[in-house]
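What's in coords_17.txt: compact mmCIF, C-alpha atoms and all ligand atoms
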```
# COMPACT_ATOMS: atom_id res chain seq x y z
CA MET Z 142 -33.08 -79.41 -17.31
CA SER Z 143 -34.62 -75.99 -16.66
CA ALA Z 144 -38.04 -75.60 -15.04
CA PRO Z 145 -41.02 -75.92 -17.38
CA LEU Z 146 -42.08 -72.67 -18.99
CA ASP Z 147 -45.55 -71.82 -17.67
CA LEU Z 148 -47.61 -70.36 -20.50
CA ASP Z 149 -50.94 -71.57 -19.12
CA ALA Z 150 -51.94 -68.66 -16.91
CA ASN Z 151 -55.57 -68.76 -18.01
CA ALA Z 152 -55.84 -72.19 -16.39
CA THR Z 153 -54.39 -70.77 -13.20
CA GLU Z 154 -52.09 -67.88 -12.34
CA PRO Z 155 -49.03 -68.51 -10.17
CA LEU Z 156 -49.60 -67.52 -6.55
CA ARG Z 157 -48.70 -63.90 -5.86
CA PRO Z 158 -46.45 -63.36 -2.81
CA GLU Z 159 -49.00 -61.00 -1.25
CA ALA Z 160 -51.62 -63.75 -1.52
CA ARG Z 161 -49.31 -66.35 -0.01
CA ARG Z 162 -48.58 -64.12 2.98
CA ALA Z 163 -52.27 -63.36 3.57
CA ALA Z 164 -53.34 -67.00 3.20
CA ILE Z 165 -50.62 -68.29 5.52
CA GLY Z 166 -51.53 -65.65 8.09
CA ALA Z 167 -55.16 -66.75 8.01
CA LEU Z 168 -54.28 -70.44 8.33
CA ASP Z 169 -53.31 -69.85 11.95
CA LEU Z 170 -56.65 -68.33 12.92
CA VAL Z 171 -58.32 -70.80 15.20
CA GLY Z 172 -61.82 -69.38 15.21
CA ASN Z 173 -64.79 -69.97 12.98
CA PRO Z 174 -65.96 -66.63 11.56
CA SER Z 175 -69.51 -67.49 12.63
CA SER Z 176 -68.59 -67.98 16.31
CA VAL Z 177 -69.51 -65.07 18.54
CA HIS Z 178 -66.58 -65.43 20.96
CA ALA Z 179 -63.23 -63.67 20.71
CA LEU Z 180 -61.61 -66.31 18.48
CA GLY Z 181 -64.57 -66.22 16.12
CA ARG Z 182 -64.57 -62.44 16.06
CA ALA Z 183 -60.88 -62.42 15.11
CA ALA Z 184 -61.60 -64.73 12.16
CA ARG Z 185 -64.65 -62.65 11.25
CA ARG Z 186 -62.49 -59.51 11.14
CA VAL Z 187 -60.20 -61.14 8.55
CA LEU Z 188 -63.21 -62.26 6.51
CA GLU Z 189 -64.86 -58.84 6.56
CA ASP Z 190 -61.56 -57.13 5.82
CA ALA Z 191 -61.24 -59.32 2.71
CA ARG Z 192 -64.81 -58.48 1.73
CA GLU Z 193 -64.16 -54.74 2.13
CA ARG Z 194 -61.02 -54.93 0.03
CA VAL Z 195 -62.70 -56.85 -2.80
CA ALA Z 196 -65.65 -54.44 -2.65
CA ALA Z 197 -63.37 -51.38 -2.75
CA LEU Z 198 -61.61 -52.68 -5.85
CA LEU Z 199 -64.93 -53.17 -7.61
CA GLY Z 200 -66.45 -49.94 -6.33
CA VAL Z 201 -69.38 -51.69 -4.64
CA ALA Z 202 -70.65 -51.92 -1.06
CA PRO Z 203 -69.08 -54.73 1.00
CA ALA Z 204 -72.59 -56.18 1.42
CA ALA Z 205 -72.63 -56.84 -2.34
CA VAL Z 206 -69.72 -59.32 -2.12
CA PHE Z 207 -70.46 -63.00 -1.40
CA PHE Z 208 -67.60 -65.46 -1.15
CA THR Z 209 -67.88 -68.81 -2.91
CA SER Z 210 -65.57 -71.69 -3.74
CA GLY Z 211 -64.72 -70.15 -7.11
CA ALA Z 212 -66.16 -68.89 -10.37
CA THR Z 213 -67.94 -72.15 -11.18
CA GLU Z 214 -70.02 -71.97 -8.03
CA ALA Z 215 -70.68 -68.25 -8.41
CA ASN Z 216 -71.93 -68.79 -11.97
CA ALA Z 217 -74.11 -71.65 -10.76
CA ILE Z 218 -75.72 -69.58 -7.98
CA ALA Z 219 -76.59 -66.73 -10.34
CA LEU Z 220 -77.93 -68.85 -13.17
CA ALA Z 221 -79.86 -71.21 -10.91
CA GLY Z 222 -81.39 -68.16 -9.22
CA ALA Z 223 -82.43 -66.65 -12.53
CA ALA Z 224 -83.93 -69.96 -13.62
CA ARG Z 225 -85.84 -70.22 -10.33
CA GLU Z 226 -87.27 -66.76 -10.97
CA GLY Z 227 -88.59 -68.07 -14.28
CA ARG Z 228 -86.25 -65.92 -16.34
CA ARG Z 229 -85.14 -66.81 -19.81
CA ILE Z 230 -81.39 -67.26 -19.71
CA LEU Z 231 -79.39 -66.14 -22.72
CA ALA Z 232 -75.66 -66.71 -22.95
CA SER Z 233 -73.06 -66.13 -25.63
CA THR Z 234 -71.92 -69.33 -27.34
CA VAL Z 235 -68.38 -68.76 -26.07
CA GLU Z 236 -69.17 -68.74 -22.34
CA HIS Z 237 -67.32 -71.09 -20.05
CA ASP Z 238 -68.96 -74.46 -19.46
CA SER Z 239 -69.72 -73.44 -15.88
CA VAL Z 240 -72.21 -70.98 -17.42
CA LEU Z 241 -73.41 -73.01 -20.39
CA ARG Z 242 -73.99 -76.11 -18.26
CA ALA Z 243 -75.25 -74.39 -15.11
CA VAL Z 244 -78.95 -74.89 -15.85
CA ALA Z 245 -81.06 -76.48 -18.55
CA GLY Z 246 -82.70 -74.53 -21.34
CA ILE Z 247 -80.08 -71.81 -21.90
CA GLU Z 248 -80.62 -69.95 -25.17
CA VAL Z 249 -77.31 -69.30 -26.87
CA VAL Z 250 -76.51 -66.08 -28.69
CA PRO Z 251 -74.00 -66.39 -31.53
CA VAL Z 252 -70.66 -64.64 -31.73
CA THR Z 253 -69.01 -63.04 -34.73
CA ALA Z 254 -65.99 -64.55 -36.47
CA ALA Z 255 -63.92 -62.34 -34.14
CA GLY Z 256 -65.43 -64.11 -31.13
CA MET Z 257 -67.48 -61.14 -29.92
CA ILE Z 258 -71.14 -61.51 -29.06
CA ASP Z 259 -73.42 -60.61 -31.97
CA VAL Z 260 -75.21 -57.66 -30.36
CA ASP Z 261 -77.88 -57.51 -33.06
CA ALA Z 262 -78.72 -61.17 -32.45
CA LEU Z 263 -78.89 -60.43 -28.71
CA SER Z 264 -81.29 -57.51 -29.29
CA SER Z 265 -83.45 -59.60 -31.61
CA ALA Z 266 -83.58 -62.49 -29.14
CA LEU Z 267 -84.61 -60.18 -26.32
CA ALA Z 268 -87.16 -58.40 -28.52
CA ALA Z 269 -88.70 -61.70 -29.64
CA ASP Z 270 -89.86 -62.74 -26.17
CA PRO Z 271 -91.06 -60.32 -23.48
CA ARG Z 272 -90.42 -62.63 -20.50
CA PRO Z 273 -87.87 -61.37 -17.95
CA ALA Z 274 -84.38 -62.48 -18.87
CA LEU Z 275 -80.84 -62.80 -17.63
CA VAL Z 276 -78.05 -62.37 -20.17
CA ALA Z 277 -74.69 -64.01 -19.41
CA VAL Z 278 -71.71 -62.49 -21.21
CA MET Z 279 -68.16 -62.97 -20.02
CA ALA Z 280 -65.69 -60.11 -19.61
CA ALA Z 281 -63.08 -61.94 -21.68
CA ASN Z 282 -62.81 -65.41 -23.10
CA ASN Z 283 -60.48 -67.89 -21.45
CA GLU Z 284 -59.44 -69.57 -24.72
CA THR Z 285 -59.07 -66.70 -27.18
CA GLY Z 286 -58.68 -63.76 -24.80
CA VAL Z 287 -61.34 -61.88 -26.78
CA ILE Z 288 -62.82 -59.06 -24.72
CA GLN Z 289 -66.58 -58.71 -24.96
CA PRO Z 290 -68.29 -55.34 -25.59
CA LEU Z 291 -69.79 -55.17 -22.11
CA ALA Z 292 -70.91 -51.53 -22.26
CA GLU Z 293 -72.90 -52.23 -25.41
CA VAL Z 294 -74.34 -55.45 -24.00
CA ALA Z 295 -75.26 -53.63 -20.77
CA ALA Z 296 -77.09 -50.92 -22.74
CA ILE Z 297 -79.08 -53.59 -24.60
CA CYS Z 298 -79.92 -55.35 -21.33
CA ARG Z 299 -81.07 -52.05 -19.83
CA ALA Z 300 -83.25 -51.31 -22.86
CA PHE Z 301 -85.00 -54.68 -22.50
CA GLY Z 302 -85.07 -54.77 -18.70
CA ALA Z 303 -82.85 -57.86 -18.64
CA LEU Z 304 -80.35 -58.67 -15.92
CA LEU Z 305 -76.70 -58.85 -17.01
CA HIS Z 306 -74.41 -61.54 -15.57
CA VAL Z 307 -70.68 -61.09 -16.17
CA ASP Z 308 -68.24 -63.95 -15.66
CA SER Z 309 -65.05 -61.97 -15.03
CA ALA Z 310 -62.83 -64.87 -14.06
CA GLN Z 311 -60.17 -63.91 -16.62
CA ALA Z 312 -60.19 -60.16 -15.97
CA PRO Z 313 -58.05 -59.45 -12.88
CA GLY Z 314 -54.51 -58.33 -13.58
CA ARG Z 315 -55.46 -57.86 -17.23
CA LEU Z 316 -58.45 -55.51 -17.34
CA PRO Z 317 -59.52 -52.77 -14.90
CA VAL Z 318 -61.78 -54.60 -12.43
CA ALA Z 319 -63.58 -51.43 -11.33
CA GLU Z 320 -65.28 -51.28 -14.74
CA LEU Z 321 -66.85 -54.70 -14.27
CA ALA Z 322 -69.38 -53.72 -11.65
CA GLY Z 323 -69.65 -50.20 -13.07
CA CYS Z 324 -71.28 -51.40 -16.29
CA GLY Z 325 -74.58 -52.04 -14.53
CA ALA Z 326 -74.28 -55.83 -14.21
CA ALA Z 327 -76.60 -57.48 -11.70
CA SER Z 328 -74.01 -60.17 -10.99
CA VAL Z 329 -70.26 -60.31 -11.46
CA VAL Z 330 -68.12 -63.40 -10.94
CA LEU Z 331 -64.49 -63.61 -9.82
CA SER Z 332 -62.11 -66.49 -9.15
CA ALA Z 333 -59.19 -66.22 -6.71
CA HIS Z 334 -56.77 -68.52 -8.50
CA LYS Z 335 -57.16 -66.72 -11.81
CA ALA Z 336 -55.96 -63.56 -10.06
CA GLY Z 337 -52.89 -65.13 -8.46
CA GLY Z 338 -54.68 -66.18 -5.30
CA PRO Z 339 -55.19 -69.64 -3.81
CA LYS Z 340 -57.42 -72.16 -5.53
CA GLY Z 341 -60.82 -72.73 -3.97
CA ALA Z 342 -62.21 -69.24 -3.48
CA GLY Z 343 -64.10 -66.76 -5.57
CA ALA Z 344 -66.92 -64.30 -5.33
CA LEU Z 345 -70.37 -63.57 -6.61
CA VAL Z 346 -70.79 -59.80 -6.56
CA LEU Z 347 -74.34 -58.43 -6.66
CA PRO Z 348 -73.93 -54.67 -7.19
CA THR Z 349 -77.58 -53.80 -7.82
CA GLY Z 350 -79.21 -55.72 -5.00
CA TRP Z 351 -80.50 -58.60 -7.15
CA TRP Z 352 -80.87 -61.66 -4.94
CA PRO Z 353 -80.59 -64.96 -6.83
CA GLY Z 354 -81.14 -67.06 -3.71
CA ALA Z 355 -79.07 -69.94 -2.41
CA LEU Z 356 -77.89 -73.07 -4.11
CA ILE Z 357 -76.28 -74.50 -0.96
CA ARG Z 358 -78.38 -74.14 2.17
CA GLY Z 359 -77.33 -74.78 5.72
CA GLY Z 360 -75.81 -72.57 8.38
CA GLY Z 361 -76.72 -69.35 6.58
CA GLN Z 362 -73.20 -68.05 6.03
CA GLU Z 363 -72.69 -65.27 3.48
CA ARG Z 364 -76.06 -63.87 4.55
CA GLY Z 365 -77.77 -67.06 3.49
CA LEU Z 366 -76.57 -66.94 -0.12
CA ARG Z 367 -73.90 -69.57 0.36
CA SER Z 368 -73.91 -71.71 3.45
CA GLY Z 369 -70.76 -73.45 4.63
CA THR Z 370 -67.87 -72.21 6.74
CA GLU Z 371 -65.92 -69.71 4.69
CA ALA Z 372 -62.49 -70.85 3.39
CA LEU Z 373 -60.72 -68.12 5.28
CA PRO Z 374 -57.12 -68.67 4.11
CA ALA Z 375 -58.20 -68.84 0.47
CA ILE Z 376 -60.44 -65.79 0.87
CA ALA Z 377 -57.75 -63.74 2.61
CA GLY Z 378 -55.35 -64.73 -0.18
CA PHE Z 379 -57.98 -63.87 -2.76
CA ALA Z 380 -58.42 -60.29 -1.52
CA ALA Z 381 -54.65 -59.78 -1.35
CA ALA Z 382 -54.19 -61.26 -4.83
CA LEU Z 383 -56.90 -59.11 -6.35
CA GLU Z 384 -55.39 -55.95 -4.86
CA ALA Z 385 -51.89 -56.94 -5.98
CA ALA Z 386 -53.08 -57.90 -9.46
CA GLU Z 387 -54.89 -54.61 -9.97
CA ALA Z 388 -51.97 -52.52 -8.70
CA TRP Z 389 -49.54 -54.53 -10.82
CA ARG Z 390 -51.70 -54.18 -13.95
CA ALA Z 391 -52.07 -50.44 -13.52
CA ALA Z 392 -48.35 -49.99 -12.85
CA GLY Z 393 -47.35 -51.33 -16.27
CA GLY Z 394 -47.89 -55.08 -15.90
CA ALA Z 395 -50.51 -55.16 -18.64
CA GLU Z 396 -48.26 -53.24 -21.04
CA ARG Z 397 -45.45 -55.67 -20.40
CA LEU Z 398 -47.73 -58.62 -21.14
CA ILE Z 399 -48.88 -56.96 -24.36
CA SER Z 400 -45.32 -56.45 -25.56
CA LEU Z 401 -44.36 -60.08 -24.80
CA ARG Z 402 -47.54 -61.35 -26.46
CA ARG Z 403 -46.76 -59.22 -29.51
CA ALA Z 404 -43.25 -60.68 -29.65
CA ILE Z 405 -44.79 -64.15 -29.78
CA GLU Z 406 -47.24 -63.13 -32.50
CA LEU Z 407 -44.53 -61.48 -34.57
CA GLY Z 408 -42.29 -64.52 -34.24
CA VAL Z 409 -45.11 -66.88 -35.22
CA ARG Z 410 -45.87 -64.80 -38.30
CA GLU Z 411 -42.19 -64.88 -39.30
CA ARG Z 412 -41.31 -68.45 -38.41
CA VAL Z 413 -44.49 -70.51 -38.76
CA ARG Z 414 -46.38 -68.91 -41.61
CA GLN Z 415 -49.12 -71.55 -41.74
CA ALA Z 416 -50.16 -70.83 -38.15
CA VAL Z 417 -53.34 -68.82 -37.64
CA ILE Z 418 -53.57 -66.26 -34.84
CA VAL Z 419 -57.18 -66.62 -33.77
CA ALA Z 420 -59.14 -63.35 -33.49
CA GLU Z 421 -55.92 -61.51 -34.25
CA HIS Z 422 -57.64 -58.18 -34.80
CA ALA Z 423 -60.20 -58.36 -32.00
CA PRO Z 424 -59.64 -56.65 -28.64
CA ARG Z 425 -57.93 -59.31 -26.56
CA LEU Z 426 -56.53 -59.84 -23.10
CA PRO Z 427 -52.92 -58.63 -22.86
CA ASN Z 428 -51.66 -62.11 -22.00
CA THR Z 429 -53.52 -64.45 -24.37
CA VAL Z 430 -52.84 -65.70 -27.87
CA CYS Z 431 -54.64 -68.62 -29.45
CA LEU Z 432 -52.69 -70.29 -32.25
CA ALA Z 433 -54.16 -72.76 -34.72
CA LEU Z 434 -51.95 -75.05 -36.76
CA PRO Z 435 -53.93 -76.47 -39.69
CA GLY Z 436 -53.97 -80.26 -39.78
CA VAL Z 437 -52.23 -80.85 -36.45
CA ALA Z 438 -54.36 -81.98 -33.51
CA ALA Z 439 -54.22 -79.67 -30.52
CA ALA Z 440 -53.41 -82.66 -28.27
CA THR Z 441 -50.35 -83.46 -30.39
CA GLN Z 442 -49.12 -79.89 -30.08
CA VAL Z 443 -49.71 -79.72 -26.34
CA MET Z 444 -47.79 -82.98 -25.81
CA ALA Z 445 -44.94 -82.01 -28.12
CA LEU Z 446 -44.53 -78.66 -26.41
CA ASP Z 447 -44.75 -80.32 -23.00
CA LEU Z 448 -41.88 -82.62 -23.98
CA ALA Z 449 -39.95 -79.49 -24.95
CA GLY Z 450 -40.63 -78.01 -21.50
CA VAL Z 451 -43.37 -75.59 -22.52
CA CYS Z 452 -46.77 -75.76 -20.80
CA VAL Z 453 -49.73 -74.54 -22.86
CA SER Z 454 -53.25 -75.82 -23.19
CA ALA Z 455 -55.81 -76.74 -25.78
CA GLY Z 456 -59.56 -76.39 -25.75
CA SER Z 457 -61.11 -75.58 -22.41
CA ALA Z 458 -58.36 -77.53 -20.72
CA CYS Z 459 -58.69 -75.90 -17.34
CA SER Z 460 -61.78 -78.02 -16.74
CA SER Z 461 -60.70 -81.61 -16.51
CA GLY Z 462 -57.37 -82.20 -18.19
CA LYS Z 463 -59.16 -83.38 -21.28
CA VAL Z 464 -58.24 -82.13 -24.72
CA ALA Z 465 -61.65 -81.87 -26.35
CA GLU Z 466 -62.69 -79.86 -29.33
CA SER Z 467 -63.13 -76.22 -28.44
CA HIS Z 468 -66.79 -75.12 -28.45
CA VAL Z 469 -65.48 -71.57 -28.46
CA LEU Z 470 -63.52 -71.90 -31.69
CA ARG Z 471 -66.31 -73.92 -33.26
CA ALA Z 472 -68.76 -71.11 -32.40
CA MET Z 473 -66.43 -68.64 -34.11
CA GLY Z 474 -66.75 -70.64 -37.32
CA LEU Z 475 -63.22 -72.00 -37.35
CA GLY Z 476 -64.41 -75.41 -38.55
CA ALA Z 477 -61.66 -78.04 -38.50
CA LEU Z 478 -59.21 -75.50 -37.03
CA ALA Z 479 -61.18 -75.79 -33.78
CA ASN Z 480 -59.35 -79.08 -33.21
CA SER Z 481 -55.94 -77.62 -33.97
CA ALA Z 482 -55.58 -74.65 -31.67
CA ILE Z 483 -53.48 -74.13 -28.58
CA ARG Z 484 -53.79 -71.36 -26.05
CA VAL Z 485 -50.67 -69.54 -24.96
CA SER Z 486 -51.41 -67.45 -21.87
CA LEU Z 487 -48.67 -65.51 -20.11
CA PRO Z 488 -48.63 -65.46 -16.31
CA TRP Z 489 -47.97 -62.29 -14.32
CA ASN Z 490 -44.42 -63.46 -13.52
CA VAL Z 491 -43.51 -64.41 -17.11
CA SER Z 492 -39.82 -64.04 -17.91
CA ASP Z 493 -38.46 -61.81 -20.65
CA ASP Z 494 -37.09 -64.79 -22.55
CA ALA Z 495 -40.48 -66.57 -22.67
CA PRO Z 496 -41.28 -65.50 -26.27
CA THR Z 497 -37.93 -66.82 -27.53
CA ARG Z 498 -38.22 -70.07 -25.60
CA PHE Z 499 -41.78 -70.60 -26.82
CA LEU Z 500 -40.99 -69.70 -30.43
CA ASP Z 501 -37.97 -71.99 -30.55
CA ALA Z 502 -40.02 -74.90 -29.22
CA TYR Z 503 -42.98 -74.13 -31.46
CA ALA Z 504 -40.94 -73.75 -34.65
CA ALA Z 505 -38.94 -76.92 -33.84
CA MET Z 506 -42.18 -78.83 -33.29
CA VAL Z 507 -43.59 -77.65 -36.61
CA ALA Z 508 -40.35 -78.57 -38.40
CA ARG Z 509 -40.39 -82.05 -36.83
CA LEU Z 510 -44.03 -82.59 -37.82
CA ALA Z 511 -43.27 -81.48 -41.38
CA GLN Z 512 -40.32 -83.87 -41.49
CA ARG Z 513 -42.51 -86.72 -40.33
CA ALA Z 514 -45.11 -85.84 -42.97
CA VAL Z 515 -42.60 -86.36 -45.80
CA GLU Z 516 -41.04 -89.52 -44.37
CA PRO Z 517 -41.80 -92.46 -46.69
CA ILE Z 518 -44.35 -94.86 -45.24
CA PRO Z 519 -42.55 -98.17 -44.53
CA ALA Z 520 -43.46 -100.86 -47.05
N1 LIG L 601 -65.18 -68.89 -15.98
C1 LIG L 601 -64.11 -68.72 -16.77
C2 LIG L 601 -64.16 -67.73 -17.88
C3 LIG L 601 -62.96 -69.47 -16.57
O1 LIG L 601 -61.90 -69.32 -17.35
C4 LIG L 601 -62.94 -70.41 -15.50
C5 LIG L 601 -61.76 -71.25 -15.30
O2 LIG L 601 -61.57 -72.28 -15.77
C6 LIG L 601 -64.08 -70.55 -14.70
C7 LIG L 601 -65.18 -69.77 -14.98
C8 LIG L 601 -64.11 -71.51 -13.54
O3 LIG L 601 -63.35 -70.97 -12.48
P1 LIG L 601 -63.07 -71.73 -11.12
O4 LIG L 601 -61.88 -72.59 -11.35
O5 LIG L 601 -62.81 -70.64 -10.11
O6 LIG L 601 -64.30 -72.49 -10.77
```
Let's see the structure in the file written out as structure tokens.
Amino acid sequence: MSAPLDLDANATEPLRPEARRAAIGALDLVGNPSSVHALGRAARRVLEDARERVAALLGVAPAAVFFTSGATEANAIALAGAAREGRRILASTVEHDSVLRAVAGIEVVPVTAAGMIDVDALSSALAADPRPALVAVMAANNETGVIQPLAEVAAICRAFGALLHVDSAQAPGRLPVAELAGCGAASVVLSAHKAGGPKGAGALVLPTGWWPGALIRGGGQERGLRSGTEALPAIAGFAAALEAAEAWRAAGGAERLISLRRAIELGVRERVRQAVIVAEHAPRLPNTVCLALPGVAAATQVMALDLAGVCVSAGSACSSGKVAESHVLRAMGLGALANSAIRVSLPWNVSDDAPTRFLDAYAAMVARLAQRAVEPIPA
């Protein structure tokens, strides 16, 4: 049997070779980056080199980059900091749970049927209450791939003096990362493993000098924002992955993903007419298509495709392996379809035959389910 077809890149991207090399190199460093002796200084050089490379990609000063254990922690630091400052926190209804559940009392801002934040509702919410605010809007959604209108959101935040927080976990290798910090955001979040780096590293980038304060206190690493010895191999791999992902995207990787995604969408339209391509006409990540199959539970589809050797996910499945109803699709007004959608997300190393393999498995699954539906119920 051939290897499973990985179409779950939004859960985690396969490790890029550049990231593997960098991480393995850093594993052999004996020193602690905080030690002042020669071994510590050697480790520190690798850490600061990674920081400079991440900063250069985002067009910010190295001092604006703070390494964390991933996007979840980076979101938590920013939102907890804003809450501690007494800010109102507004977030789009389609944010990742690591934003929506970071602190209590978050005010949610609705999205349109296309999954994009309702900018008028955001303006009204900010106008209705003069307290200082932080607005959390993701660069692109992990389930639907819908890209948020960050420039417009940033302009609204500027007009109301609100801080903008951008969870960019799904952006690297798919969208130009330099634009993320350039939009005026006070905090930008990245995750190594979503960029083809090792799991367990990420960054909170603070381009404007906003200081949310620490969530984890201790030895004062990361200039006191995030104590704990830095995960050097994961961080070194992160910087290498981010660089490789950006170069790869700009050199035609994104176009290739778009053409493969389009092949899937075309095939679905031809072969499984009842399927709904969620947010079909919205700007979406090159690699992501969310497909709803009326009347068929997402869990059933994920299991059937898994048996056919195709790995996709349902709901916000990158969180805990659960297949729960999608709050994202519910927020987009999909009603019962929110229980019936799978996410197909192409990894950077996707093969040319992936659309055919997926479509064959998907169409066969639908045919089997239809067959079962007409089977007489045993007396
Ligand atoms: N934000 C978004 C948009 C995500 O897709 C994810 C991944 O599941 C996260 C945050 C959490 O990322 P991490 O696994 O680095 O904590």
* To do: Please extract the residues at most 6 Å from ligand LIG 601 (chain L), counting all atoms listed in the file, and provide them as number ranges by chain, using the chain letters and residue numbers of this document.
  => Z: 152, 211-213, 237, 239, 282-283, 308, 310-311, 332, 459-460
* **Residue list as JSON, numbers by chain for point (-71.9, -51.7, -21.3), cut-off 12 Å, all atoms listed in the file** => {"Z": [260, 278, 279, 280, 289, 290, 291, 292, 293, 294, 295, 296, 297, 298, 299, 300, 305, 306, 307, 320, 321, 322, 323, 324, 325, 326]}
* Trp351 of chain Z: which residues within 10 Å, counting all atoms listed in the file, same-chain residues fewer than 5 positions away excluded, as a ChimeraX atom specification? -> /Z:205,219,222-223,304,326-328,346
Output file for the selection above: C-alpha atoms, as a PDB file, keeping the file's coordinate frame:
```
ATOM      1  CA  ALA Z 205     -72.630 -56.840  -2.340  1.00  0.00           C
ATOM      2  CA  ALA Z 219     -76.590 -66.730 -10.340  1.00  0.00           C
ATOM      3  CA  GLY Z 222     -81.390 -68.160  -9.220  1.00  0.00           C
ATOM      4  CA  ALA Z 223     -82.430 -66.650 -12.530  1.00  0.00           C
ATOM      5  CA  LEU Z 304     -80.350 -58.670 -15.920  1.00  0.00           C
ATOM      6  CA  ALA Z 326     -74.280 -55.830 -14.210  1.00  0.00           C
ATOM      7  CA  ALA Z 327     -76.600 -57.480 -11.700  1.00  0.00           C
ATOM      8  CA  SER Z 328     -74.010 -60.170 -10.990  1.00  0.00           C
ATOM      9  CA  VAL Z 346     -70.790 -59.800  -6.560  1.00  0.00           C
TER      10      VAL Z 346
END
```
For Val453 of chain Z, please output as a tab-separated table (two decimals) with C-alpha atoms, in the coordinates of the input all residues within 7 Å (counting all atoms listed in the file; exclusion window: fewer than 6 positions along the same chain).
```tsv
chain	number	residue	atom	x	y	z
Z	148	LEU	CA	-47.61	-70.36	-20.50
Z	149	ASP	CA	-50.94	-71.57	-19.12
Z	443	VAL	CA	-49.71	-79.72	-26.34
Z	483	ILE	CA	-53.48	-74.13	-28.58
Z	484	ARG	CA	-53.79	-71.36	-26.05
Z	485	VAL	CA	-50.67	-69.54	-24.96
```
* **Nearest to Arg414 of chain Z by atom-to-atom distance, counting all atoms listed in the file, from Z:Ala385, Z:Tyr503, Z:Pro374, Z:Gly341** => Z:Tyr503
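In this model, the gap between atom CA of Ala344 of chain Z and atom CA of Arg185 of chain Z comes to 16.8 Å.
You can rank Z:Ala391, Z:Leu347, Z:Cys431, Z:Ala439 by their closest distance to Ile418 of chain Z using only C-alpha atoms, and at the top of that list sits Z:Cys431.
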* Distance query Arg402 of chain Z at most 12 Å, all atoms listed in the file, self and fewer than 4 positions along chain excluded, as number ranges by chain -> Z: 148, 286, 395-398, 406-409, 418, 421, 425-432, 484-488, 491-497, 499-500
Write to file, as a compact mmCIF listing (two decimals), in the coordinates of the input, the residues of the selection just made, with C-alpha atoms.
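What landed in again.txt:
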```
# COMPACT_ATOMS: atom_id res chain seq x y z
CA LEU Z 148 -47.61 -70.36 -20.50
CA GLY Z 286 -58.68 -63.76 -24.80
CA ALA Z 395 -50.51 -55.16 -18.64
CA GLU Z 396 -48.26 -53.24 -21.04
CA ARG Z 397 -45.45 -55.67 -20.40
CA LEU Z 398 -47.73 -58.62 -21.14
CA GLU Z 406 -47.24 -63.13 -32.50
CA LEU Z 407 -44.53 -61.48 -34.57
CA GLY Z 408 -42.29 -64.52 -34.24
CA VAL Z 409 -45.11 -66.88 -35.22
CA ILE Z 418 -53.57 -66.26 -34.84
CA GLU Z 421 -55.92 -61.51 -34.25
CA ARG Z 425 -57.93 -59.31 -26.56
CA LEU Z 426 -56.53 -59.84 -23.10
CA PRO Z 427 -52.92 -58.63 -22.86
CA ASN Z 428 -51.66 -62.11 -22.00
CA THR Z 429 -53.52 -64.45 -24.37
CA VAL Z 430 -52.84 -65.70 -27.87
CA CYS Z 431 -54.64 -68.62 -29.45
CA LEU Z 432 -52.69 -70.29 -32.25
CA ARG Z 484 -53.79 -71.36 -26.05
CA VAL Z 485 -50.67 -69.54 -24.96
CA SER Z 486 -51.41 -67.45 -21.87
CA LEU Z 487 -48.67 -65.51 -20.11
CA PRO Z 488 -48.63 -65.46 -16.31
CA VAL Z 491 -43.51 -64.41 -17.11
CA SER Z 492 -39.82 -64.04 -17.91
CA ASP Z 493 -38.46 -61.81 -20.65
CA ASP Z 494 -37.09 -64.79 -22.55
CA ALA Z 495 -40.48 -66.57 -22.67
CA PRO Z 496 -41.28 -65.50 -26.27
CA THR Z 497 -37.93 -66.82 -27.53
CA PHE Z 499 -41.78 -70.60 -26.82
CA LEU Z 500 -40.99 -69.70 -30.43
```
* Any idea what the distance is between atom CA of Gly246 of chain Z and atom CA of Leu263 of chain Z? -> 16.4 Å
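Atom CA of Ala243 of chain Z sits 5.3 Å away from atom CA of Ala217 of chain Z.
In this comparison, which uses all atoms listed in the file, the residue of Z:Glu214, Z:Glu371, Z:Asp169, Z:Asp190 approaching Leu345 of chain Z most closely is Z:Glu214.
In this comparison, which uses all atoms listed in the file, the residue of Z:Leu373, Z:Cys452, Z:Val437, Z:Ile258 approaching Gly181 of chain Z most closely is Z:Leu373.
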Let me have the centre and edge lengths in Å, one decimal, of the box along x, y and z around every listed atom of segment 439-445 of chain Z with 4 Å of margin on each side, as AutoDock Vina command-line options.
```
--center_x -49.6 --center_y -81.6 --center_z -28.2 --size_x 17.3 --size_y 11.8 --size_z 12.7
```
* Asked: Using all atoms listed in the file, which residue out of Z:Phe301, Z:Trp489, Z:Trp352, Z:Phe207 lies closest to Ile399 of chain Z?
  -> Z:Trp489
* **Residue among Z:Ala449, Z:Leu198, Z:Val507, Z:Ala382 lying closest to Arg412 of chain Z, counting only C-alpha atoms** => Z:Val507
* **Who sits within 9 Å of Pro155 of chain Z, only C-alpha atoms, same chain under 6 positions skipped, as a PyMOL selection string** => chain Z and resi 147+334-339+488-490
Written file, previous selection with C-alpha atoms, as a tab-separated table (two decimals), in the frame of the given file:
```
chain	number	residue	atom	x	y	z
Z	147	ASP	CA	-45.55	-71.82	-17.67
Z	334	HIS	CA	-56.77	-68.52	-8.50
Z	335	LYS	CA	-57.16	-66.72	-11.81
Z	336	ALA	CA	-55.96	-63.56	-10.06
Z	337	GLY	CA	-52.89	-65.13	-8.46
Z	338	GLY	CA	-54.68	-66.18	-5.30
Z	339	PRO	CA	-55.19	-69.64	-3.81
Z	488	PRO	CA	-48.63	-65.46	-16.31
Z	489	TRP	CA	-47.97	-62.29	-14.32
Z	490	ASN	CA	-44.42	-63.46	-13.52
```
